[in-house]
$ cat model-v5.txt   # compact mmCIF, C-alpha atoms and all ligand atoms
# COMPACT_ATOMS: atom_id res chain seq x y z
CA THR A 271 175.10 115.64 140.53
CA HIS A 272 174.41 112.29 138.93
CA PHE A 273 170.76 111.28 138.81
CA GLY A 274 171.13 107.48 138.81
CA TYR A 275 167.68 106.08 139.44
CA GLU A 276 169.05 102.82 140.78
CA THR A 277 170.21 104.64 143.86
CA ILE A 278 167.19 106.84 144.62
CA ASN A 279 163.73 105.95 145.83
CA GLU A 280 160.43 106.94 144.26
CA SER A 281 159.65 109.97 146.37
CA GLU A 282 163.17 111.25 145.80
CA LYS A 283 162.66 110.86 142.07
CA GLN A 284 159.38 112.75 142.27
CA SER A 285 160.83 115.68 144.18
CA ARG A 286 163.85 115.75 141.90
CA VAL A 287 161.58 115.96 138.84
CA ALA A 288 159.63 118.71 140.57
CA GLY A 289 162.88 120.58 141.22
CA VAL A 290 164.00 120.25 137.62
CA PHE A 291 160.81 121.77 136.24
CA THR A 292 160.59 124.50 138.85
CA ASN A 293 164.12 125.49 137.89
CA VAL A 294 163.45 125.43 134.16
CA ALA A 295 159.86 126.82 134.02
CA GLU A 296 160.88 130.36 133.10
CA SER A 297 163.51 129.42 130.54
CA TYR A 298 161.64 126.34 129.35
CA ASP A 299 160.40 127.61 125.99
CA LYS A 300 163.66 129.23 124.96
CA MET A 301 165.57 126.11 125.97
CA ASN A 302 163.33 123.84 123.90
CA ASP A 303 164.13 125.88 120.82
CA LEU A 304 167.86 125.84 121.47
CA MET A 305 168.10 122.18 122.40
CA SER A 306 166.06 120.88 119.50
CA LEU A 307 167.20 123.58 117.04
CA GLY A 308 163.54 124.52 116.75
CA VAL A 309 162.45 121.08 115.58
CA HIS A 310 160.21 120.49 118.62
CA ARG A 311 157.80 123.00 117.06
CA LEU A 312 157.49 120.90 113.91
CA TRP A 313 156.98 117.71 115.92
CA LYS A 314 154.27 119.36 118.01
CA ASP A 315 152.58 120.79 114.90
CA TYR A 316 152.59 117.37 113.30
CA PHE A 317 151.42 115.61 116.48
CA VAL A 318 148.42 117.92 116.84
CA SER A 319 147.42 117.96 113.18
CA SER A 320 147.62 114.17 113.05
CA LEU A 321 145.08 114.07 115.90
CA ASN A 322 142.90 116.60 114.05
CA PRO A 323 141.05 117.98 117.10
CA GLY A 324 137.64 119.39 116.31
CA ALA A 325 137.30 117.32 113.12
CA THR A 326 133.95 116.04 114.25
CA ASN A 327 131.36 118.20 115.89
CA PRO A 328 129.15 116.05 118.09
CA ILE A 329 125.90 117.72 119.02
CA GLY A 330 125.78 118.65 122.67
CA GLN A 331 128.85 118.32 124.81
CA PRO A 332 132.26 119.40 123.48
CA GLN A 333 135.12 117.11 122.53
CA ARG A 334 136.88 116.55 125.85
CA VAL A 335 140.66 116.63 125.75
CA LEU A 336 143.13 116.22 128.60
CA ASP A 337 146.71 117.30 127.93
CA VAL A 338 148.72 115.61 130.66
CA ALA A 339 152.09 117.06 131.70
CA GLY A 340 150.88 119.96 129.58
CA GLY A 341 153.42 122.32 131.09
CA THR A 342 153.41 125.71 129.43
CA GLY A 343 150.64 124.86 126.98
CA ASP A 344 152.41 124.06 123.71
CA ILE A 345 150.13 121.15 122.84
CA ALA A 346 146.91 122.54 124.27
CA PHE A 347 147.25 125.89 122.46
CA ARG A 348 147.88 124.11 119.17
CA MET A 349 144.79 121.94 119.72
CA LEU A 350 142.64 124.98 120.38
CA HIS A 351 143.97 126.69 117.27
CA HIS A 352 143.46 123.57 115.17
CA SER A 353 139.89 123.07 116.33
CA HIS A 354 138.71 126.69 116.50
CA VAL A 355 140.53 128.11 113.48
CA LEU A 356 141.44 125.29 111.09
CA ASN A 357 138.31 123.19 111.68
CA GLY A 358 136.12 126.18 112.54
CA ASN A 359 134.86 124.23 115.52
CA PRO A 360 134.80 125.83 118.98
CA ASN A 361 132.98 122.85 120.45
CA ILE A 362 136.03 121.50 122.28
CA HIS A 363 137.36 121.69 125.81
CA VAL A 364 141.06 121.24 126.57
CA THR A 365 142.37 120.82 130.11
CA ILE A 366 146.07 121.36 130.68
CA SER A 367 147.16 119.27 133.63
CA ASP A 368 150.60 119.25 135.19
CA ILE A 369 152.09 118.28 138.51
CA ASN A 370 154.11 121.48 138.66
CA PRO A 371 152.37 124.76 139.54
CA ALA A 372 155.28 126.83 138.20
CA MET A 373 154.89 125.31 134.71
CA LEU A 374 151.09 125.79 134.87
CA GLU A 375 151.56 129.41 135.88
CA VAL A 376 153.73 130.10 132.83
CA GLY A 377 151.04 128.39 130.72
CA ARG A 378 148.31 130.48 132.31
CA GLN A 379 150.22 133.68 131.54
CA ARG A 380 150.83 132.59 127.95
CA SER A 381 147.16 131.67 127.48
CA LEU A 382 146.16 135.31 128.04
CA SER A 383 147.28 136.11 124.51
CA LEU A 384 144.91 133.54 122.98
CA ALA A 385 141.65 134.71 121.39
CA ALA A 386 138.93 135.06 124.05
CA GLN A 387 136.87 132.26 122.54
CA GLN A 388 139.86 129.90 122.74
CA GLN A 389 140.53 130.90 126.34
CA SER A 390 136.99 129.89 127.21
CA SER A 391 137.71 126.38 125.85
CA LEU A 392 140.67 125.98 128.19
CA SER A 393 141.19 125.08 131.81
CA PHE A 394 144.12 124.23 134.07
CA LEU A 395 144.49 121.43 136.58
CA GLU A 396 147.31 120.66 138.97
CA ALA A 397 147.47 116.87 138.98
CA ASN A 398 149.79 113.90 139.14
CA ALA A 399 149.39 111.79 135.98
CA GLU A 400 149.86 108.65 138.04
CA LYS A 401 146.79 109.42 140.11
CA LEU A 402 144.36 111.75 138.39
CA PRO A 403 141.82 113.41 140.68
CA SER A 404 138.24 112.21 140.99
CA SER A 405 137.15 115.40 139.17
CA ILE A 406 138.09 113.39 136.06
CA PRO A 407 135.69 110.44 136.18
CA ASP A 408 136.10 107.07 134.46
CA ASN A 409 135.21 106.97 130.74
CA SER A 410 134.91 110.76 130.55
CA LEU A 411 137.43 111.85 127.88
CA ASP A 412 137.68 111.65 124.10
CA LEU A 413 141.39 112.34 123.82
CA TYR A 414 144.34 112.08 126.20
CA THR A 415 147.64 113.61 125.09
CA VAL A 416 151.04 113.60 126.73
CA ALA A 417 154.02 115.26 125.05
CA PHE A 418 157.56 115.00 126.38
CA GLY A 419 156.12 114.20 129.79
CA ILE A 420 155.76 110.48 130.33
CA ARG A 421 159.47 109.72 130.57
CA ASN A 422 159.54 111.86 133.73
CA PHE A 423 156.88 109.83 135.48
CA THR A 424 157.97 107.62 138.33
CA ASP A 425 155.42 104.93 137.53
CA MET A 426 154.64 104.90 133.80
CA PRO A 427 152.38 101.82 133.93
CA ALA A 428 150.28 103.56 136.59
CA ALA A 429 149.94 106.64 134.37
CA LEU A 430 148.93 104.46 131.40
CA ARG A 431 146.30 102.72 133.52
CA GLU A 432 144.95 106.13 134.57
CA ALA A 433 144.82 107.21 130.92
CA HIS A 434 142.87 104.06 130.13
CA ARG A 435 140.51 104.64 133.04
CA VAL A 436 139.57 108.23 132.16
CA LEU A 437 139.15 107.68 128.40
CA ARG A 438 135.78 106.59 127.07
CA PRO A 439 135.59 103.44 124.95
CA GLY A 440 136.83 104.55 121.52
CA GLY A 441 138.84 107.35 123.14
CA VAL A 442 142.40 107.96 121.97
CA PHE A 443 145.66 107.94 123.91
CA ALA A 444 148.42 109.84 122.09
CA CYS A 445 151.98 110.33 123.26
CA LEU A 446 154.81 112.36 121.74
CA GLU A 447 158.13 111.52 123.33
CA PHE A 448 161.85 111.31 122.68
CA SER A 449 162.73 107.86 121.46
CA LYS A 450 165.52 105.72 120.01
CA VAL A 451 167.50 106.30 116.80
CA ASP A 452 169.48 103.08 117.09
CA ARG A 453 168.81 102.02 113.50
CA PHE A 454 171.03 104.76 112.04
CA PRO A 455 174.45 104.39 113.73
CA LEU A 456 176.11 107.52 112.33
CA PHE A 457 173.10 109.77 112.94
CA ASN A 458 172.78 108.23 116.40
CA SER A 459 176.36 109.04 117.33
CA VAL A 460 176.02 112.66 116.18
CA TYR A 461 172.77 112.91 118.14
CA LYS A 462 174.35 111.39 121.28
CA GLN A 463 177.26 113.83 121.06
CA TRP A 464 174.77 116.68 120.82
CA SER A 465 172.68 115.55 123.74
CA PHE A 466 175.43 114.58 126.14
CA SER A 467 177.77 117.50 125.42
CA ALA A 468 175.82 120.40 124.00
CA ILE A 469 172.54 120.24 125.91
CA PRO A 470 173.99 120.36 129.46
CA LEU A 471 176.32 123.14 128.29
CA ILE A 472 173.47 125.16 126.78
CA GLY A 473 171.57 124.56 130.03
CA GLN A 474 174.47 125.96 131.99
CA LEU A 475 174.97 128.99 129.75
CA VAL A 476 171.37 129.94 129.02
CA ALA A 477 169.44 128.75 132.07
CA GLY A 478 172.32 128.73 134.59
CA ASP A 479 171.39 125.17 135.43
CA ARG A 480 173.53 122.34 134.11
CA ASP A 481 172.16 119.60 136.39
CA SER A 482 168.54 119.93 135.31
CA TYR A 483 169.46 119.59 131.65
CA GLN A 484 171.83 116.74 132.40
CA TYR A 485 168.85 115.04 134.04
CA LEU A 486 166.69 115.62 130.95
CA VAL A 487 169.30 114.02 128.68
CA GLU A 488 169.66 111.01 130.99
CA SER A 489 165.90 110.56 131.20
CA ILE A 490 165.75 110.35 127.40
CA GLU A 491 168.49 107.71 127.43
CA ARG A 492 166.61 105.60 129.97
CA PHE A 493 163.24 105.75 128.21
CA PRO A 494 162.17 102.40 126.64
CA SER A 495 162.45 101.67 122.93
CA GLN A 496 159.52 102.30 120.58
CA GLU A 497 158.55 98.62 120.73
CA ALA A 498 158.90 98.29 124.50
CA PHE A 499 156.82 101.40 125.10
CA ARG A 500 154.20 100.19 122.62
CA ASP A 501 154.01 96.94 124.62
CA MET A 502 153.44 98.93 127.82
CA ILE A 503 150.55 100.76 126.14
CA VAL A 504 149.04 97.45 125.05
CA GLY A 505 149.65 96.12 128.56
CA ALA A 506 147.49 98.93 129.94
CA GLY A 507 144.58 97.70 127.82
CA PHE A 508 144.83 99.81 124.66
CA GLU A 509 144.54 98.56 121.10
CA VAL A 510 147.11 99.78 118.60
CA ALA A 511 147.09 99.89 114.81
CA GLY A 512 150.08 98.49 112.89
CA ASP A 513 153.34 99.00 114.81
CA GLY A 514 151.56 101.28 117.25
CA TYR A 515 154.05 104.11 116.71
CA GLU A 516 155.44 106.51 114.15
CA ASN A 517 159.04 107.77 114.19
CA LEU A 518 159.82 111.45 113.71
CA THR A 519 163.25 112.66 112.55
CA GLY A 520 164.74 109.17 112.39
CA GLY A 521 163.39 108.20 115.80
CA ILE A 522 164.70 111.15 117.84
CA ALA A 523 161.04 111.45 118.74
CA ALA A 524 158.10 109.11 118.21
CA ILE A 525 154.32 109.26 118.39
CA HIS A 526 152.53 106.35 120.03
CA ARG A 527 148.77 105.95 119.75
CA GLY A 528 146.32 103.60 121.40
CA ILE A 529 142.55 103.28 121.40
CA LYS A 530 140.53 102.17 124.41
CA PRO A 531 138.40 99.27 123.17
N1 LIG A 601 153.92 118.95 127.24
C1 LIG A 601 154.75 120.14 127.36
C2 LIG A 601 155.55 120.36 126.11
O1 LIG A 601 155.51 119.48 125.24
O2 LIG A 601 156.17 121.41 125.95
C3 LIG A 601 155.67 120.08 128.60
C4 LIG A 601 156.71 118.99 128.62
S1 LIG A 601 157.84 119.13 129.98
C5 LIG A 601 159.33 118.48 129.24
C6 LIG A 601 157.41 117.83 131.08
C7 LIG A 601 156.31 118.19 132.05
O3 LIG A 601 155.95 117.02 132.78
C8 LIG A 601 156.70 119.22 133.11
O4 LIG A 601 155.85 120.32 133.01
C9 LIG A 601 156.53 118.47 134.44
O5 LIG A 601 156.09 119.29 135.49
C10 LIG A 601 155.51 117.42 134.06
N2 LIG A 601 155.45 116.25 134.93
C11 LIG A 601 156.49 115.52 135.43
N3 LIG A 601 156.03 114.51 136.19
C12 LIG A 601 154.66 114.57 136.17
C13 LIG A 601 153.62 113.79 136.75
N4 LIG A 601 153.88 112.73 137.51
N5 LIG A 601 152.34 114.15 136.50
C14 LIG A 601 152.06 115.22 135.72
N6 LIG A 601 153.00 116.00 135.15
C15 LIG A 601 154.29 115.68 135.37
$ encode --input "model-v5.txt" --output "structure tokens"
Amino acid sequence: THFGYETINESEKQSRVAGVFTNVAESYDKMNDLMSLGVHRLWKDYFVSSLNPGATNPIGQPQRVLDVAGGTGDIAFRMLHHSHVLNGNPNIHVTISDINPAMLEVGRQRSLSLAAQQQSSLSFLEANAEKLPSSIPDNSLDLYTVAFGIRNFTDMPAALREAHRVLRPGGVFACLEFSKVDRFPLFNSVYKQWSFSAIPLIGQLVAGDRDSYQYLVESIERFPSQEAFRDMIVGAGFEVAGDGYENLTGGIAAIHRGIKP
């Protein structure tokens, strides 16, 4: 199967994305390790510690965090650990939202091994990032995170506008996503070889599903450059500091941040 977006309409894209993640939900964590040679763990660690959840302890209501496309909980669990354990601050609430109930179910199962106090700071929400439910009102969140999710969205500008809507003024949008390594030609060609040959093969051998992993590689290829994505974030109404992004591992991944004025 070739997933050329030019030839498919929006609802087809959405159901295709749903199919991909239903197929990969069970093998998702193992596949991440294999495909990234374990590096995704370091990126996620760095992403979360750079956001430093729980650093401040406002009196009264907890720090409100929404982890969009949160899947099996990798980002949310790290945020809970960072706030509760590293900052000694349980005054935080993290909601994992995802469009795919199979991914959320794996996350729910995994969350059972968290400390009880951390579990009580966590909730799950089935939601489309492009149209968040009214249970998340305007101006209601301190931090919105999305890791390795936004490139799968059919309408990224719509998702960015939703992020802007639900964050309070001063609230932070933070995105960790695969990006472009174009500035290092040799490294880029090794990386391309790896993604276009090895990843679909690993998908076939380990998860029995070549097409889904082929789709993931192609979605990375189609995702905008660091600068173009930064401009989309600004276009949604966020302010950015400096370049607005930080490259990880030569640009294989990048962190983008914006603040709602
Ligand atoms: N954030 C997790 C991580 O870093 O391990 C999961 C990333 S996973 C590659 C991408 C997730 O995006 C999947 O769980 C998928 O269901 C979700 N997703 C795709 N389209 C979505 C949408 N429109 N709204 C919300 N979630 C979506």
$ residues_near_ligand --input "model-v5.txt" --ligand "ligand LIG 601 (chain A)" --cutoff "6 Å" --atoms "all atoms listed in the file" --output "PyMOL selection string"
chain A and resi 291+339-341+344+368-370+373+397-400+417-419+422-423
$ atom_distance --input "model-v5.txt" --atom1 "atom CA of Arg480 of chain A" --atom2 "atom CA of Phe493 of chain A"
20.4 Å
$ residues_around --input "model-v5.txt" --residues "Phe448 of chain A" --least-positions-apart "4" --cutoff "7 Å" --atoms "all atoms listed in the file" --output "PyMOL selection string"
chain A and resi 418+490+522-524
$ write_last_selection --input "model-v5.txt" --atoms "C-alpha atoms" --output "PDB file, in the coordinates of the input"
ATOM      1  CA  PHE A 418     157.560 115.000 126.380  1.00  0.00           C
ATOM      2  CA  ILE A 490     165.750 110.350 127.400  1.00  0.00           C
ATOM      3  CA  ILE A 522     164.700 111.150 117.840  1.00  0.00           C
ATOM      4  CA  ALA A 523     161.040 111.450 118.740  1.00  0.00           C
ATOM      5  CA  ALA A 524     158.100 109.110 118.210  1.00  0.00           C
TER       6      ALA A 524
END
$ atom_distance --input "model-v5.txt" --atom1 "atom CA of Gln463 of chain A" --atom2 "atom CA of Ser482 of chain A"
17.8 Å
$ closest_residue --input "model-v5.txt" --among "A:Gln496, A:Ser467, A:Thr365, A:Asn322" --to "Gly343 of chain A" --atoms "all atoms listed in the file"
A:Thr365
$ atom_distance --input "model-v5.txt" --atom1 "atom CA of Phe457 of chain A" --atom2 "atom CA of Ile420 of chain A"
24.6 Å
$ residues_around --input "model-v5.txt" --residues "Thr326 of chain A" --least-positions-apart "6" --cutoff "12 Å" --atoms "only C-alpha atoms" --output "PyMOL selection string"
chain A and resi 332-334+353-354+357-362+412
$ closest_residue --input "model-v5.txt" --among "A:Ala506, A:Ile345, A:Leu374, A:Leu384" --to "Arg311 of chain A" --atoms "all atoms listed in the file"
A:Ile345
$ closest_residue --input "model-v5.txt" --among "A:Ser367, A:Asn302, A:Thr424, A:Thr342" --to "Ser285 of chain A" --atoms "all atoms listed in the file"
A:Thr424
$ closest_residue --input "model-v5.txt" --among "A:Ala477, A:Ala468, A:Leu413, A:Leu430" --to "Val504 of chain A" --atoms "only C-alpha atoms"
A:Leu430
$ closest_residue --input "model-v5.txt" --among "A:Ile503, A:Val376, A:Leu518, A:Val335" --to "Leu446 of chain A" --atoms "only C-alpha atoms"
A:Leu518
$ closest_residue --input "model-v5.txt" --among "A:Leu307, A:Phe508, A:Val416, A:Thr519" --to "Asn458 of chain A" --atoms "only C-alpha atoms"
A:Thr519
$ residues_near_point --input "model-v5.txt" --point "(143.7, 126.4, 139.1)" --cutoff "10 Å" --atoms "all atoms listed in the file" --output "PDB file with C-alpha atoms, keeping the file's coordinate frame"
ATOM      1  CA  SER A 367     147.160 119.270 133.630  1.00  0.00           C
ATOM      2  CA  PRO A 371     152.370 124.760 139.540  1.00  0.00           C
ATOM      3  CA  LEU A 374     151.090 125.790 134.870  1.00  0.00           C
ATOM      4  CA  GLU A 375     151.560 129.410 135.880  1.00  0.00           C
ATOM      5  CA  ARG A 378     148.310 130.480 132.310  1.00  0.00           C
ATOM      6  CA  SER A 393     141.190 125.080 131.810  1.00  0.00           C
ATOM      7  CA  PHE A 394     144.120 124.230 134.070  1.00  0.00           C
ATOM      8  CA  LEU A 395     144.490 121.430 136.580  1.00  0.00           C
ATOM      9  CA  GLU A 396     147.310 120.660 138.970  1.00  0.00           C
TER      10      GLU A 396
END
